[in-house]
Structure formats: C-alpha cells, structure tokens
Amino acid sequence: MIAMERHKRHDWGDVCETDWKENDRALKTGERLLSAYKSGGGTKFWIITEWDRSVTTVLLPSDY
C-alpha cells in the first residue's frame, strides 16, 4: 500500500499544516500520528498510529 509507505516515511499526506507539525512533534514526544490520503478512486481515508506505536489502523471517515 503506497499510503502506508508514505506514512512510514513521515509524509502525512493531505493534513493541514498544524496537523503536519503535530505529527512531526509526535515523532519526538511519542504521541499519536495521523495521516490523510485519497485512494486512486478519490476515497478519503486515514492512517493512525497509536502513541506507543503498537498499532496502526486504516480508517474511512465513516468508520470514525
């Protein structure tokens, strides 16, 4: 999955500047990471990695 690779490379996708900075800070402080992307068909989805890095989840906005 291309989006997961982007998330692992700290490319947070389609998040606002504030969220991008929060993710960059979270890498240092051990907080949750949130990325937002669109599929090739245009469906928006999120990738969330928990603060302790134990779980990464892919969600549609309707799943939240």
# chains A, B, ... in the order shown; residues from 1 in each chain; ligands from 1
$ residues_around --residues "Glu22 of chain A" --least-positions-apart "3" --cutoff "12 Å" --atoms "only C-alpha atoms" --output "PyMOL selection string"
chain A and resi 10+12+15-19+25-35
$ write_last_selection --atoms "N, CA and C atoms" --output "PDB file, in the first residue's frame"
ATOM      1  N   HIS A  10       7.053   9.474   6.968  1.00  0.00           N
ATOM      2  CA  HIS A  10       6.674  10.751   7.595  1.00  0.00           C
ATOM      3  C   HIS A  10       6.136  11.752   6.580  1.00  0.00           C
ATOM      4  N   TRP A  12       2.805  12.950   5.656  1.00  0.00           N
ATOM      5  CA  TRP A  12       1.495  12.865   6.297  1.00  0.00           C
ATOM      6  C   TRP A  12       0.324  13.084   5.349  1.00  0.00           C
ATOM      7  N   VAL A  15      -3.018  16.438   5.267  1.00  0.00           N
ATOM      8  CA  VAL A  15      -3.394  17.053   6.533  1.00  0.00           C
ATOM      9  C   VAL A  15      -3.026  18.535   6.482  1.00  0.00           C
ATOM     10  N   CYS A  16      -3.666  19.323   7.324  1.00  0.00           N
ATOM     11  CA  CYS A  16      -3.354  20.751   7.365  1.00  0.00           C
ATOM     12  C   CYS A  16      -1.961  20.961   7.978  1.00  0.00           C
ATOM     13  N   GLU A  17      -1.460  22.167   7.827  1.00  0.00           N
ATOM     14  CA  GLU A  17      -0.113  22.480   8.316  1.00  0.00           C
ATOM     15  C   GLU A  17       0.016  22.235   9.824  1.00  0.00           C
ATOM     16  N   THR A  18      -1.018  22.569  10.581  1.00  0.00           N
ATOM     17  CA  THR A  18      -0.991  22.363  12.028  1.00  0.00           C
ATOM     18  C   THR A  18      -0.850  20.887  12.365  1.00  0.00           C
ATOM     19  N   ASP A  19      -1.648  20.028  11.693  1.00  0.00           N
ATOM     20  CA  ASP A  19      -1.572  18.588  11.940  1.00  0.00           C
ATOM     21  C   ASP A  19      -0.223  18.026  11.508  1.00  0.00           C
ATOM     22  N   ARG A  25       6.109  16.696  15.709  1.00  0.00           N
ATOM     23  CA  ARG A  25       6.388  16.779  17.145  1.00  0.00           C
ATOM     24  C   ARG A  25       6.132  15.432  17.822  1.00  0.00           C
ATOM     25  N   ALA A  26       5.068  14.740  17.400  1.00  0.00           N
ATOM     26  CA  ALA A  26       4.708  13.456  17.988  1.00  0.00           C
ATOM     27  C   ALA A  26       5.793  12.399  17.774  1.00  0.00           C
ATOM     28  N   LEU A  27       6.542  12.525  16.703  1.00  0.00           N
ATOM     29  CA  LEU A  27       7.653  11.595  16.486  1.00  0.00           C
ATOM     30  C   LEU A  27       8.675  11.687  17.613  1.00  0.00           C
ATOM     31  N   LYS A  28       8.829  12.868  18.178  1.00  0.00           N
ATOM     32  CA  LYS A  28       9.805  13.098  19.245  1.00  0.00           C
ATOM     33  C   LYS A  28       9.224  12.855  20.633  1.00  0.00           C
ATOM     34  N   THR A  29       7.931  13.115  20.783  1.00  0.00           N
ATOM     35  CA  THR A  29       7.314  13.049  22.110  1.00  0.00           C
ATOM     36  C   THR A  29       6.517  11.772  22.351  1.00  0.00           C
ATOM     37  N   GLY A  30       6.364  10.942  21.332  1.00  0.00           N
ATOM     38  CA  GLY A  30       5.660   9.681  21.499  1.00  0.00           C
ATOM     39  C   GLY A  30       4.162   9.810  21.569  1.00  0.00           C
ATOM     40  N   GLU A  31       3.590  10.633  20.711  1.00  0.00           N
ATOM     41  CA  GLU A  31       2.136  10.775  20.652  1.00  0.00           C
ATOM     42  C   GLU A  31       1.601  10.112  19.381  1.00  0.00           C
ATOM     43  N   ARG A  32       0.287  10.131  19.246  1.00  0.00           N
ATOM     44  CA  ARG A  32      -0.398   9.511  18.106  1.00  0.00           C
ATOM     45  C   ARG A  32      -0.034  10.229  16.803  1.00  0.00           C
ATOM     46  N   LEU A  33       0.024   9.461  15.716  1.00  0.00           N
ATOM     47  CA  LEU A  33       0.291  10.002  14.380  1.00  0.00           C
ATOM     48  C   LEU A  33      -0.953   9.833  13.516  1.00  0.00           C
ATOM     49  N   LEU A  34      -1.276  10.866  12.735  1.00  0.00           N
ATOM     50  CA  LEU A  34      -2.441  10.823  11.859  1.00  0.00           C
ATOM     51  C   LEU A  34      -2.061  11.308  10.474  1.00  0.00           C
ATOM     52  N   SER A  35      -2.310  10.474   9.471  1.00  0.00           N
ATOM     53  CA  SER A  35      -2.119  10.844   8.066  1.00  0.00           C
ATOM     54  C   SER A  35      -3.456  10.754   7.355  1.00  0.00           C
TER      55      SER A  35
END
$ select_by_dssp --residues "chain A" --states "strand (DSSP E or B)" --output "PyMOL selection string"
chain A and resi 13+33-38+44-49+56-59
$ write_last_selection --atoms "N, CA and C atoms" --output "tab-separated table (two decimals), in the first residue's frame"
chain	number	residue	atom	x	y	z
A	13	GLY	N	0.61	13.25	4.07
A	13	GLY	CA	-0.47	13.33	3.08
A	13	GLY	C	-1.24	14.63	3.13
A	33	LEU	N	0.02	9.46	15.72
A	33	LEU	CA	0.29	10.00	14.38
A	33	LEU	C	-0.95	9.83	13.52
A	34	LEU	N	-1.28	10.87	12.74
A	34	LEU	CA	-2.44	10.82	11.86
A	34	LEU	C	-2.06	11.31	10.47
A	35	SER	N	-2.31	10.47	9.47
A	35	SER	CA	-2.12	10.84	8.07
A	35	SER	C	-3.46	10.75	7.35
A	36	ALA	N	-3.61	11.53	6.30
A	36	ALA	CA	-4.83	11.50	5.49
A	36	ALA	C	-4.44	11.40	4.02
A	37	TYR	N	-5.12	10.52	3.31
A	37	TYR	CA	-4.81	10.30	1.90
A	37	TYR	C	-6.11	10.08	1.13
A	38	LYS	N	-6.00	10.02	-0.18
A	38	LYS	CA	-7.11	9.64	-1.05
A	38	LYS	C	-6.66	8.47	-1.90
A	44	LYS	N	-11.38	9.19	0.48
A	44	LYS	CA	-10.52	9.68	1.55
A	44	LYS	C	-10.40	8.60	2.63
A	45	PHE	N	-9.20	8.46	3.19
A	45	PHE	CA	-9.00	7.55	4.32
A	45	PHE	C	-7.87	8.07	5.19
A	46	TRP	N	-7.85	7.58	6.43
A	46	TRP	CA	-6.86	8.00	7.40
A	46	TRP	C	-5.99	6.81	7.80
A	47	ILE	N	-4.77	7.08	8.16
A	47	ILE	CA	-3.89	6.10	8.79
A	47	ILE	C	-3.51	6.69	10.14
A	48	ILE	N	-3.76	5.93	11.19
A	48	ILE	CA	-3.49	6.38	12.56
A	48	ILE	C	-2.58	5.37	13.23
A	49	THR	N	-1.47	5.87	13.77
A	49	THR	CA	-0.56	5.03	14.57
A	49	THR	C	-0.68	5.50	16.01
A	56	THR	N	-1.24	0.30	14.10
A	56	THR	CA	-1.55	1.27	13.05
A	56	THR	C	-2.85	0.82	12.40
A	57	THR	N	-3.78	1.74	12.25
A	57	THR	CA	-5.11	1.45	11.74
A	57	THR	C	-5.42	2.30	10.52
A	58	VAL	N	-6.08	1.70	9.54
A	58	VAL	CA	-6.56	2.44	8.36
A	58	VAL	C	-8.07	2.56	8.51
A	59	LEU	N	-8.56	3.80	8.44
A	59	LEU	CA	-9.98	4.06	8.64
A	59	LEU	C	-10.55	4.94	7.53
$ select_by_dssp --residues "chain A" --states "alpha helix (DSSP H)" --output "JSON, numbers by chain"
{"A": [2, 3, 4, 5, 6, 7, 8, 17, 18, 19, 20, 21, 22, 23, 24, 25, 26, 27, 28, 29]}
$ atom_distance --atom1 "atom CA of Asp14 of chain A" --atom2 "atom CA of Tyr64 of chain A"
17.3 Å
$ atom_distance --atom1 "atom CA of Thr43 of chain A" --atom2 "atom CA of Pro61 of chain A"
9.6 Å
$ atom_distance --atom1 "atom CA of Lys21 of chain A" --atom2 "atom CA of Ile2 of chain A"
21.8 Å
